[in-house]
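Below is start_24.cif, holding mmCIF, C-alpha atoms.
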```
data_final
loop_
_atom_site.label_atom_id
_atom_site.label_comp_id
_atom_site.auth_asym_id
_atom_site.auth_seq_id
_atom_site.Cartn_x
_atom_site.Cartn_y
_atom_site.Cartn_z
CA MET A 1 -17.25 -1.06 -16.83
CA LEU A 2 -15.14 0.48 -19.60
CA PRO A 3 -11.39 -0.23 -19.39
CA ALA A 4 -9.37 2.63 -17.92
CA LEU A 5 -6.43 4.05 -19.85
CA THR A 6 -4.48 4.32 -16.60
CA GLY A 7 -4.05 0.53 -16.74
CA TYR A 8 -2.23 0.52 -20.08
CA SER A 9 1.53 0.18 -20.43
CA LYS A 10 3.29 2.05 -23.21
CA ASP A 11 3.50 -1.11 -25.31
CA SER A 12 -0.16 -2.03 -24.86
CA LEU A 13 -1.31 1.51 -25.64
CA THR A 14 0.92 1.61 -28.73
CA GLU A 15 -0.67 -1.66 -29.88
CA LEU A 16 -4.15 -0.21 -29.34
CA MET A 17 -3.34 2.87 -31.40
CA ALA A 18 -1.93 0.67 -34.17
CA GLU A 19 -5.15 -1.41 -34.19
CA TRP A 20 -7.10 1.83 -34.61
CA GLY A 21 -4.88 2.97 -37.48
CA GLU A 22 -3.31 5.77 -35.43
CA PRO A 23 0.40 6.64 -35.55
CA LYS A 24 2.63 5.34 -32.74
CA PHE A 25 3.22 8.81 -31.32
CA ARG A 26 -0.43 8.98 -30.26
CA ALA A 27 0.41 6.58 -27.43
CA THR A 28 3.16 8.93 -26.23
CA GLN A 29 0.77 11.89 -26.39
CA LEU A 30 -1.87 10.01 -24.41
CA LEU A 31 0.59 8.92 -21.73
CA ASP A 32 1.84 12.49 -21.42
CA TRP A 33 -1.72 13.77 -20.89
CA ILE A 34 -2.52 11.07 -18.35
CA TRP A 35 0.58 10.90 -16.17
CA LYS A 36 2.42 14.21 -16.67
CA LYS A 37 -0.34 16.75 -17.35
CA LYS A 38 -2.89 14.81 -15.26
CA ALA A 39 -5.76 15.52 -17.61
CA ALA A 40 -9.25 15.34 -16.10
CA SER A 41 -10.98 14.26 -19.34
CA PHE A 42 -10.34 13.26 -22.94
CA GLU A 43 -11.61 16.67 -24.02
CA ASP A 44 -8.60 18.24 -22.27
CA MET A 45 -6.27 16.43 -24.71
CA THR A 46 -6.28 19.25 -27.22
CA ASN A 47 -3.51 17.96 -29.50
CA LEU A 48 -5.45 14.77 -30.27
CA PRO A 49 -7.86 14.68 -33.24
CA ALA A 50 -11.48 15.16 -32.24
CA ALA A 51 -12.40 11.80 -33.81
CA LEU A 52 -9.85 9.98 -31.63
CA ARG A 53 -11.07 11.74 -28.50
CA GLU A 54 -14.63 10.76 -29.36
CA LYS A 55 -13.64 7.13 -29.94
CA LEU A 56 -11.74 7.02 -26.64
CA THR A 57 -14.79 8.40 -24.82
CA GLU A 58 -16.96 5.65 -26.30
CA THR A 59 -14.57 2.76 -25.59
CA HIS A 60 -12.62 3.72 -22.48
CA CYS A 61 -12.75 5.71 -19.30
CA LEU A 62 -9.80 7.90 -18.44
CA HIS A 63 -9.64 7.09 -14.72
CA ALA A 64 -10.55 3.87 -12.92
CA LEU A 65 -11.76 5.64 -9.79
CA GLU A 66 -13.31 8.89 -8.64
CA SER A 67 -12.82 10.83 -5.44
CA THR A 68 -15.81 10.86 -3.09
CA THR A 69 -14.38 11.97 0.26
CA VAL A 70 -11.23 13.74 1.42
CA GLN A 71 -10.54 13.89 5.13
CA GLY A 72 -7.80 16.14 6.44
CA SER A 73 -6.39 16.20 9.95
CA ALA A 74 -4.73 18.76 12.18
CA ASP A 75 -1.29 17.45 11.19
CA THR A 76 -2.19 17.68 7.46
CA THR A 77 -2.44 13.93 6.94
CA ARG A 78 -5.13 13.41 4.33
CA LYS A 79 -7.30 10.39 3.65
CA PHE A 80 -8.92 9.82 0.27
CA LEU A 81 -11.94 7.59 -0.33
CA PHE A 82 -12.22 6.50 -3.95
CA LYS A 83 -15.24 4.97 -5.68
CA LEU A 84 -14.50 2.25 -8.22
CA GLY A 85 -16.38 1.55 -11.42
CA ASP A 86 -18.39 -1.28 -9.85
CA GLY A 87 -19.53 0.90 -6.95
CA ARG A 88 -17.07 -0.45 -4.38
CA TYR A 89 -14.65 1.76 -2.45
CA VAL A 90 -10.97 1.86 -1.55
CA GLU A 91 -8.91 4.38 0.35
CA SER A 92 -5.45 5.91 0.36
CA VAL A 93 -3.68 8.01 2.98
CA LEU A 94 -1.19 10.80 2.25
CA ILE A 95 1.29 11.30 5.07
CA PRO A 96 3.63 14.31 4.96
CA ALA A 97 7.01 14.67 6.66
CA ASN A 98 7.29 10.96 7.35
CA PRO A 99 10.21 10.19 9.72
CA ALA A 100 12.28 8.11 7.30
CA LEU A 101 10.46 4.86 8.10
CA TYR A 102 11.45 2.98 4.94
CA GLY A 103 14.80 4.50 4.02
CA GLU A 104 13.45 7.62 2.32
CA LYS A 105 14.27 11.18 3.28
CA SER A 106 12.22 12.51 6.15
CA ASP A 107 10.88 15.58 4.37
CA ARG A 108 8.86 13.64 1.81
CA ARG A 109 5.20 12.87 1.18
CA THR A 110 4.31 9.21 1.48
CA LEU A 111 1.12 7.69 0.07
CA CYS A 112 -0.32 4.51 1.55
CA VAL A 113 -1.93 2.58 -1.33
CA SER A 114 -4.56 -0.18 -1.35
CA SER A 115 -4.28 -3.34 -3.45
CA GLN A 116 -7.62 -5.11 -2.80
CA VAL A 117 -11.23 -4.39 -1.88
CA GLY A 118 -11.28 -5.91 1.58
CA CYS A 119 -8.83 -8.60 2.60
CA ALA A 120 -8.95 -12.38 2.99
CA TYR A 121 -6.13 -12.63 5.53
CA GLY A 122 -8.11 -11.50 8.55
CA CYS A 123 -5.41 -9.99 10.75
CA LYS A 124 -7.27 -9.54 14.01
CA PHE A 125 -6.41 -5.88 14.57
CA CYS A 126 -7.24 -4.62 11.06
CA ALA A 127 -10.37 -2.98 9.65
CA SER A 128 -9.60 -3.96 6.04
CA GLY A 129 -10.79 -7.52 6.44
CA LEU A 130 -13.73 -6.95 8.80
CA ALA A 131 -16.26 -7.43 5.99
CA GLY A 132 -14.20 -10.08 4.22
CA PHE A 133 -12.60 -10.08 0.79
CA SER A 134 -14.36 -8.81 -2.35
CA ARG A 135 -11.83 -8.65 -5.17
CA ASN A 136 -8.37 -7.69 -6.34
CA LEU A 137 -7.72 -4.24 -7.73
CA ASP A 138 -6.36 -4.05 -11.25
CA ALA A 139 -3.30 -2.07 -12.35
CA ALA A 140 -5.39 0.98 -13.28
CA GLU A 141 -7.04 1.06 -9.86
CA ILE A 142 -3.73 0.69 -8.02
CA ALA A 143 -1.67 3.18 -10.03
CA GLY A 144 -4.71 5.45 -10.29
CA GLN A 145 -4.71 6.04 -6.53
CA VAL A 146 -1.31 7.71 -6.84
CA LEU A 147 -2.38 9.83 -9.78
CA MET A 148 -5.58 10.93 -8.03
CA ALA A 149 -3.77 11.74 -4.78
CA GLU A 150 -1.39 14.01 -6.67
CA ARG A 151 -4.26 15.70 -8.50
CA LEU A 152 -6.25 16.24 -5.31
CA SER A 153 -3.35 17.41 -3.16
CA GLY A 154 -1.54 19.40 -5.81
CA GLU A 155 1.68 17.83 -4.54
CA ARG A 156 4.15 15.30 -5.84
CA VAL A 157 4.03 11.96 -4.02
CA ASP A 158 7.62 11.01 -3.27
CA ASN A 159 7.20 7.59 -1.66
CA LEU A 160 4.65 4.79 -1.85
CA VAL A 161 3.87 2.12 0.70
CA PHE A 162 1.61 -0.71 -0.41
CA MET A 163 0.08 -1.34 2.98
CA GLY A 164 -3.40 0.05 2.61
CA MET A 165 -6.41 -2.22 2.21
CA GLY A 166 -5.61 -5.80 1.23
CA GLU A 167 -2.61 -8.13 1.13
CA PRO A 168 -0.46 -6.86 -1.77
CA PHE A 169 1.25 -10.20 -2.34
CA ALA A 170 -2.13 -11.92 -2.79
CA ASN A 171 -2.49 -9.70 -5.87
CA PHE A 172 1.12 -10.02 -6.98
CA ASP A 173 0.81 -9.90 -10.78
CA LYS A 174 -1.55 -6.92 -10.92
CA LEU A 175 0.53 -5.14 -8.28
CA MET A 176 3.69 -5.59 -10.35
CA ALA A 177 1.84 -4.38 -13.47
CA ALA A 178 0.88 -1.22 -11.54
CA ILE A 179 4.47 -0.80 -10.35
CA GLU A 180 5.66 -0.93 -13.96
CA ILE A 181 3.38 2.04 -14.70
CA ILE A 182 4.38 3.89 -11.54
CA THR A 183 8.13 3.53 -12.09
CA ALA A 184 8.26 3.98 -15.89
CA ASP A 185 9.66 7.22 -17.28
CA TRP A 186 6.44 7.53 -19.34
CA GLY A 187 4.35 7.00 -16.20
CA LEU A 188 4.74 8.53 -12.77
CA HIS A 189 8.53 8.02 -12.96
CA LEU A 190 8.92 7.19 -9.29
CA GLY A 191 12.09 5.25 -8.48
CA ALA A 192 11.65 1.66 -7.28
CA ARG A 193 13.70 2.47 -4.18
CA HIS A 194 10.89 4.81 -3.15
CA LEU A 195 8.36 1.95 -3.15
CA THR A 196 7.77 -0.34 -0.17
CA ILE A 197 5.55 -3.41 -0.29
CA SER A 198 4.20 -4.66 3.01
CA THR A 199 3.12 -8.27 3.48
CA SER A 200 1.67 -10.25 6.35
CA GLY A 201 4.10 -13.02 5.47
CA LEU A 202 3.37 -14.74 2.14
CA VAL A 203 6.62 -16.67 1.87
CA PRO A 204 6.58 -17.64 -1.84
CA GLN A 205 5.91 -14.07 -2.95
CA ILE A 206 8.67 -12.71 -0.70
CA LYS A 207 11.07 -14.93 -2.64
CA ARG A 208 9.54 -13.86 -5.97
CA LEU A 209 10.11 -10.21 -5.14
CA ALA A 210 13.63 -11.01 -3.97
CA ASP A 211 14.32 -12.33 -7.47
CA HIS A 212 12.70 -9.31 -9.16
CA PRO A 213 15.29 -6.96 -10.74
CA GLN A 214 13.84 -3.71 -9.36
CA GLN A 215 15.14 -2.54 -6.00
CA ILE A 216 11.74 -2.36 -4.29
CA ARG A 217 11.75 -2.25 -0.51
CA LEU A 218 10.05 -4.85 1.68
CA ALA A 219 8.24 -4.46 5.01
CA ILE A 220 6.90 -7.37 7.03
CA SER A 221 3.76 -7.02 9.14
CA LEU A 222 5.20 -9.13 11.94
CA HIS A 223 3.27 -8.07 15.09
CA GLY A 224 4.53 -11.03 17.07
CA ALA A 225 8.04 -12.40 17.60
CA THR A 226 6.95 -15.97 18.38
CA ASP A 227 4.42 -18.39 16.90
CA ASP A 228 2.20 -18.45 19.96
CA VAL A 229 1.71 -14.67 19.88
CA ARG A 230 1.57 -14.34 16.10
CA ASP A 231 -1.00 -17.16 15.88
CA LEU A 232 -3.36 -15.05 18.03
CA ILE A 233 -3.53 -12.14 15.62
CA MET A 234 -2.08 -13.24 12.24
CA PRO A 235 -3.98 -16.13 10.60
CA VAL A 236 -1.31 -16.30 7.88
CA ASN A 237 1.00 -17.71 10.56
CA LYS A 238 -1.00 -20.96 10.50
CA LYS A 239 0.31 -21.58 6.99
CA TRP A 240 3.77 -20.05 7.19
CA LYS A 241 5.27 -20.17 10.67
CA THR A 242 7.85 -17.69 11.88
CA ALA A 243 10.65 -20.13 10.97
CA ASP A 244 9.42 -20.20 7.34
CA LEU A 245 9.08 -16.43 7.31
CA PHE A 246 12.54 -15.75 8.71
CA GLU A 247 14.05 -18.25 6.25
CA ALA A 248 12.44 -16.28 3.40
CA LEU A 249 13.84 -13.06 4.85
CA ASP A 250 17.32 -14.62 4.93
CA TYR A 251 16.83 -15.37 1.21
CA TRP A 252 15.76 -11.75 0.66
CA ASN A 253 18.93 -10.51 2.33
CA SER A 254 21.01 -12.78 0.10
CA ARG A 255 19.48 -11.19 -3.01
CA LYS A 256 18.84 -7.55 -2.09
CA LYS A 257 20.79 -4.61 -0.75
CA GLN A 258 17.88 -2.78 0.91
CA HIS A 259 17.42 -3.38 4.59
CA LEU A 260 14.19 -5.00 5.67
CA THR A 261 11.59 -3.28 7.81
CA LEU A 262 9.63 -5.17 10.47
CA GLU A 263 6.27 -3.61 11.30
CA TYR A 264 5.00 -4.23 14.82
CA ILE A 265 1.64 -2.86 15.98
CA LEU A 266 1.65 -2.74 19.79
CA ILE A 267 -1.57 -4.08 21.34
CA GLU A 268 -2.09 -4.00 25.09
CA ASN A 269 -1.83 -7.42 26.79
CA VAL A 270 -1.54 -9.16 23.43
CA ASN A 271 1.94 -8.60 22.03
CA ASP A 272 3.45 -5.82 24.16
CA ASP A 273 5.15 -8.11 26.68
CA LEU A 274 8.77 -7.03 27.06
CA GLU A 275 9.95 -10.60 26.46
CA GLN A 276 8.53 -10.22 22.95
CA ALA A 277 10.73 -7.14 22.59
CA ARG A 278 13.82 -9.14 23.55
CA ILE A 279 13.04 -11.93 21.08
CA LEU A 280 12.20 -9.40 18.38
CA ALA A 281 15.52 -7.68 18.99
CA THR A 282 17.37 -10.96 18.37
CA HIS A 283 15.63 -11.52 15.02
CA ALA A 284 15.96 -7.89 13.89
CA LYS A 285 19.65 -7.73 14.70
CA ARG A 286 20.41 -10.95 12.80
CA LEU A 287 18.46 -9.70 9.77
CA THR A 288 19.90 -6.16 10.03
CA ALA A 289 16.28 -5.03 9.95
CA LYS A 290 14.70 -1.79 11.09
CA VAL A 291 11.69 -2.05 13.40
CA ASN A 292 8.68 0.27 13.20
CA LEU A 293 6.66 0.21 16.39
CA ILE A 294 3.09 1.45 15.93
CA PRO A 295 0.74 1.89 18.89
CA TYR A 296 -2.58 0.32 17.98
CA ASN A 297 -4.93 2.68 16.10
CA THR A 298 -8.46 2.21 17.46
CA VAL A 299 -10.87 0.54 15.03
CA GLU A 300 -14.62 0.66 15.54
CA GLY A 301 -15.85 -2.92 15.81
CA LEU A 302 -12.69 -4.30 17.41
CA GLU A 303 -11.91 -4.59 21.11
CA TRP A 304 -8.14 -4.13 21.05
CA VAL A 305 -6.55 -1.34 23.11
CA ARG A 306 -3.34 0.58 22.58
CA PRO A 307 -0.72 0.31 25.33
CA SER A 308 0.32 3.31 27.38
CA GLU A 309 3.00 5.53 25.91
CA THR A 310 5.27 4.46 28.78
CA ARG A 311 4.88 0.82 27.80
CA CYS A 312 5.53 1.61 24.14
CA ARG A 313 8.71 3.48 24.99
CA ALA A 314 9.92 0.64 27.22
CA PHE A 315 9.38 -1.81 24.35
CA ARG A 316 11.31 0.45 21.99
CA ASP A 317 14.16 0.96 24.44
CA ILE A 318 14.80 -2.78 24.67
CA LEU A 319 15.30 -2.85 20.92
CA LYS A 320 17.51 0.21 20.88
CA ASN A 321 19.64 -1.05 23.76
CA ALA A 322 20.21 -4.24 21.77
CA GLY A 323 21.58 -2.20 18.88
CA VAL A 324 18.46 -2.37 16.69
CA SER A 325 17.26 0.62 14.70
CA ALA A 326 13.75 1.16 16.07
CA THR A 327 11.18 3.90 15.52
CA LEU A 328 8.15 4.44 17.71
CA ARG A 329 5.55 5.90 15.39
CA LEU A 330 3.04 7.94 17.36
CA GLU A 331 1.08 7.88 14.13
CA LYS A 332 -0.43 10.74 12.22
CA GLY A 333 -4.06 10.78 11.21
CA HIS A 334 -5.54 9.30 14.39
CA ASP A 335 -8.29 11.90 14.17
CA ILE A 336 -9.41 10.88 10.65
CA ASP A 337 -10.00 7.14 11.06
CA ALA A 338 -6.63 6.55 9.44
CA ALA A 339 -6.44 2.85 10.22
CA CYS A 340 -6.72 1.04 6.90
CA GLY A 341 -10.26 0.27 5.84
CA GLN A 342 -12.25 2.33 8.34
CA LEU A 343 -13.55 5.00 5.97
CA ARG A 344 -14.44 2.46 3.29
CA LEU A 345 -16.15 0.27 5.90
CA LYS A 346 -18.37 3.15 7.05
CA GLN A 347 -19.27 4.17 3.48
CA GLU A 348 -20.14 0.68 2.23
CA THR A 349 -22.13 -0.09 5.38
CA GLU A 350 -24.14 3.13 4.99
CA GLU A 351 -24.90 2.29 1.34
CA GLY A 352 -25.93 -1.26 2.22
CA ILE A 353 -23.16 -2.79 0.09
CA ILE A 354 -21.97 -4.78 3.09
CA GLU A 355 -23.50 -5.60 6.45
CA ALA A 356 -22.10 -3.95 9.55
CA PRO A 357 -19.38 -6.28 10.92
CA VAL A 358 -20.10 -7.99 14.22
CA LYS A 359 -17.41 -8.24 16.87
CA SER A 360 -16.03 -11.75 17.09
#
```
How does this structure look as structure tokens?
Amino acid sequence: MLPALTGYSKDSLTELMAEWGEPKFRATQLLDWIWKKKAASFEDMTNLPAALREKLTETHCLHALESTTVQGSADTTRKFLFKLGDGRYVESVLIPANPALYGEKSDRRTLCVSSQVGCAYGCKFCASGLAGFSRNLDAAEIAGQVLMAERLSGERVDNLVFMGMGEPFANFDKLMAAIEIITADWGLHLGARHLTISTSGLVPQIKRLADHPQQIRLAISLHGATDDVRDLIMPVNKKWKTADLFEALDYWNSRKKQHLTLEYILIENVNDDLEQARILATHAKRLTAKVNLIPYNTVEGLEWVRPSETRCRAFRDILKNAGVSATLRLEKGHDIDAACGQLRLKQETEEGIIEAPVKS
């Protein structure tokens, strides 16, 4: 696998050009072609010397991934399946007109980005970890998803949520390297306040991000307000109990201005008991957190069921009546296997890369 230029920072690319005896401004030209003009090949970079373009072709690839499948839905949500250099796959989902779930304006396009191939955390409702964990994505593969989504859609991506395949905080350093590229004025130039990282509850990394200077938003995949319920569906809770998690969120609030978001996928007869709503309301109010309620998105290979819309609304109303900002997301993309990992799972199973997961 040749290294992809989309993984280079301005400093590292400037160093490479210096090693090759090229002037410093070549790095600026390359970055402009990659991130602003969205060049499809080195040959498109017409203001570079032919010898440099030839050398780049021999030593590097321009993009770390290629598009293999684009699924669109009736509500214009689009899902992209990308093939990586080693033959594995990841996916991203572009969601238009998102209802201000993470503090952004509601008339924006939000891209859900993956950080790993598979996932080791095994949340019981999620397709990403059904075939286990393969590897971390590098900065080029993470930032490249955004670049490719913009090229394929012809639209500017206004907001990013790192809650696709994988646990972002289990790939913290490479994720932050990608975020440097995404937020830099020489890169995609997307403000840190338009980025949200979602975690299943890795307490040390929550504190690391709290100490990071950029004003990146944080969402917690909570899915249970008590240990007994969270233990059923979130293996991470065995290591960091809800008390540890909420202590880390108190630390976050002491360091950051952005309000937290608590994600809560509603699963029938698992975590949709209205007593859970009352306990969740207590935590959310103390943390001044917003709650996103998401009816379970059916995943082939899993037996979970989404609650009735009536039940979902009752759960939401308990939160609202307690003074908590709560959104019930009757999600987009249900007709395109939009739950994280489903499209990749089908593709890799068909190609024999992984075995078809067996229901546990």
Given only C-alpha atoms as the counted atoms, nearest of A:Leu62, A:Leu94, A:Ala18, A:Ala289 to Glu155 (chain A):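 Residue with the minimum atom-to-atom distance to Glu155 (chain A): A:Leu94.
If all atoms listed in the file are the atoms counted, then among A:Leu293, A:Thr14, A:Val93, A:Ala284 the closest residue to Gly323 (chain A) is A:Ala284.
Considering only C-alpha atoms, the residue among A:Leu160, A:Ala27, A:Leu152, A:Ala281 positioned nearest to Thr68 (chain A) is A:Leu152.
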As a ChimeraX atom specification, please: the residues near Lys10 (chain A) (cut-off 12 Å, only C-alpha atoms, same-chain neighbours under 6 positions excluded). /A:16-17,24-32,34-35,177,180-182,184-187
Mind writing the picked residues with C-alpha atoms as a CSV table (one decimal), keeping the file's coordinate frame?
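Okay, out-v5.csv is ready:
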```
chain,number,residue,atom,x,y,z
A,16,LEU,CA,-4.2,-0.2,-29.3
A,17,MET,CA,-3.3,2.9,-31.4
A,24,LYS,CA,2.6,5.3,-32.7
A,25,PHE,CA,3.2,8.8,-31.3
A,26,ARG,CA,-0.4,9.0,-30.3
A,27,ALA,CA,0.4,6.6,-27.4
A,28,THR,CA,3.2,8.9,-26.2
A,29,GLN,CA,0.8,11.9,-26.4
A,30,LEU,CA,-1.9,10.0,-24.4
A,31,LEU,CA,0.6,8.9,-21.7
A,32,ASP,CA,1.8,12.5,-21.4
A,34,ILE,CA,-2.5,11.1,-18.4
A,35,TRP,CA,0.6,10.9,-16.2
A,177,ALA,CA,1.8,-4.4,-13.5
A,180,GLU,CA,5.7,-0.9,-14.0
A,181,ILE,CA,3.4,2.0,-14.7
A,182,ILE,CA,4.4,3.9,-11.5
A,184,ALA,CA,8.3,4.0,-15.9
A,185,ASP,CA,9.7,7.2,-17.3
A,186,TRP,CA,6.4,7.5,-19.3
A,187,GLY,CA,4.4,7.0,-16.2
```
What is the CA of Lys239 (chain A) to CA of Cys123 (chain A) distance in Å? 13.5 Å
What is the CA of Ser200 (chain A)-CA of Ser9 (chain A) distance in Å, reported with one decimal?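 Separating CA of Ser200 (chain A) from CA of Ser9 (chain A) is a distance of 28.7 Å.
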Could you write out as a VMD selection string the residues that the PyMOL selection byres ((chain A and resi 4) around 12) matches in the shown file? chain A and resid 1 to 3 5 to 9 13 34 41 to 42 56 to 66 84 to 85 138 to 144
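Rounded to one decimal, CA of His189 (chain A) and CA of Pro213 (chain A) lie 16.6 Å from each other.
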Using all atoms listed in the file, pick whichever of A:Asn237, A:Arg151, A:Leu330, A:Phe169 has the shortest atom-to-atom distance to Lys36 (chain A).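 Smallest separation from Lys36 (chain A) among the options: A:Arg151.
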To verify the selection step, state as a PyMOL selection string which residues the PyMOL selection byres ((chain A and resi 110-118) around 6) yields on this input. chain A and resi 92-95+109+119+128-129+132-137+159-162+164-166+168
Please dump the current selection as an mmCIF file, keeping the file's coordinate frame; keep C-alpha atoms.
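This went into result22.cif:
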```cif
data_model
loop_
_atom_site.group_PDB
_atom_site.id
_atom_site.type_symbol
_atom_site.label_atom_id
_atom_site.label_comp_id
_atom_site.auth_asym_id
_atom_site.auth_seq_id
_atom_site.Cartn_x
_atom_site.Cartn_y
_atom_site.Cartn_z
ATOM 1 C CA SER A 92 -5.450 5.910 0.360
ATOM 2 C CA VAL A 93 -3.680 8.010 2.980
ATOM 3 C CA LEU A 94 -1.190 10.800 2.250
ATOM 4 C CA ILE A 95 1.290 11.300 5.070
ATOM 5 C CA ARG A 109 5.200 12.870 1.180
ATOM 6 C CA CYS A 119 -8.830 -8.600 2.600
ATOM 7 C CA SER A 128 -9.600 -3.960 6.040
ATOM 8 C CA GLY A 129 -10.790 -7.520 6.440
ATOM 9 C CA GLY A 132 -14.200 -10.080 4.220
ATOM 10 C CA PHE A 133 -12.600 -10.080 0.790
ATOM 11 C CA SER A 134 -14.360 -8.810 -2.350
ATOM 12 C CA ARG A 135 -11.830 -8.650 -5.170
ATOM 13 C CA ASN A 136 -8.370 -7.690 -6.340
ATOM 14 C CA LEU A 137 -7.720 -4.240 -7.730
ATOM 15 C CA ASN A 159 7.200 7.590 -1.660
ATOM 16 C CA LEU A 160 4.650 4.790 -1.850
ATOM 17 C CA VAL A 161 3.870 2.120 0.700
ATOM 18 C CA PHE A 162 1.610 -0.710 -0.410
ATOM 19 C CA GLY A 164 -3.400 0.050 2.610
ATOM 20 C CA MET A 165 -6.410 -2.220 2.210
ATOM 21 C CA GLY A 166 -5.610 -5.800 1.230
ATOM 22 C CA PRO A 168 -0.460 -6.860 -1.770
#
```
Expand the PyMOL selection byres ((chain A and resi 197) around 12) into the individual residues it matches in the shown file, reporting them as a ChimeraX atom specification. /A:102,111-115,159-164,166-172,175-176,179,192-196,198-202,205-206,209-210,215-221,260-263
Of the listed residues A:Ile233, A:Glu268, A:Arg306, A:Ala149, that which approaches Phe80 (chain A) most closely, counting all atoms listed in the file: A:Ala149
Spatial neighbours of His223 (chain A), 7 Å, all atoms listed in the file, chain gap at least 3 places, as a list in words: Arg230, Glu263, Tyr264 and Ile265 of chain A
Which residue out of A:Asp173, A:Leu319, A:Lys83, A:Phe125 has the minimum interatomic distance to Pro295 (chain A) when only C-alpha atoms are used?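 The closest residue to Pro295 (chain A) is A:Phe125.
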Do a neighbour search on region 285-288 of chain A at 12 Å with only C-alpha atoms, toss out local chain neighbours closer than 5 positions, and write the hits as JSON, numbers by chain. {"A": [245, 246, 247, 248, 249, 250, 251, 252, 253, 254, 257, 258, 259, 260, 261, 262, 277, 278, 279, 280, 319, 320, 321, 322, 323, 324, 325, 326]}
Output the selection as a compact mmCIF listing (two decimals), in the frame of the given file - C-alpha atoms for each residue.
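Printed below is again-v4.txt as written:
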```txt
# COMPACT_ATOMS: atom_id res chain seq x y z
CA LEU A 245 9.08 -16.43 7.31
CA PHE A 246 12.54 -15.75 8.71
CA GLU A 247 14.05 -18.25 6.25
CA ALA A 248 12.44 -16.28 3.40
CA LEU A 249 13.84 -13.06 4.85
CA ASP A 250 17.32 -14.62 4.93
CA TYR A 251 16.83 -15.37 1.21
CA TRP A 252 15.76 -11.75 0.66
CA ASN A 253 18.93 -10.51 2.33
CA SER A 254 21.01 -12.78 0.10
CA LYS A 257 20.79 -4.61 -0.75
CA GLN A 258 17.88 -2.78 0.91
CA HIS A 259 17.42 -3.38 4.59
CA LEU A 260 14.19 -5.00 5.67
CA THR A 261 11.59 -3.28 7.81
CA LEU A 262 9.63 -5.17 10.47
CA ALA A 277 10.73 -7.14 22.59
CA ARG A 278 13.82 -9.14 23.55
CA ILE A 279 13.04 -11.93 21.08
CA LEU A 280 12.20 -9.40 18.38
CA LEU A 319 15.30 -2.85 20.92
CA LYS A 320 17.51 0.21 20.88
CA ASN A 321 19.64 -1.05 23.76
CA ALA A 322 20.21 -4.24 21.77
CA GLY A 323 21.58 -2.20 18.88
CA VAL A 324 18.46 -2.37 16.69
CA SER A 325 17.26 0.62 14.70
CA ALA A 326 13.75 1.16 16.07
```
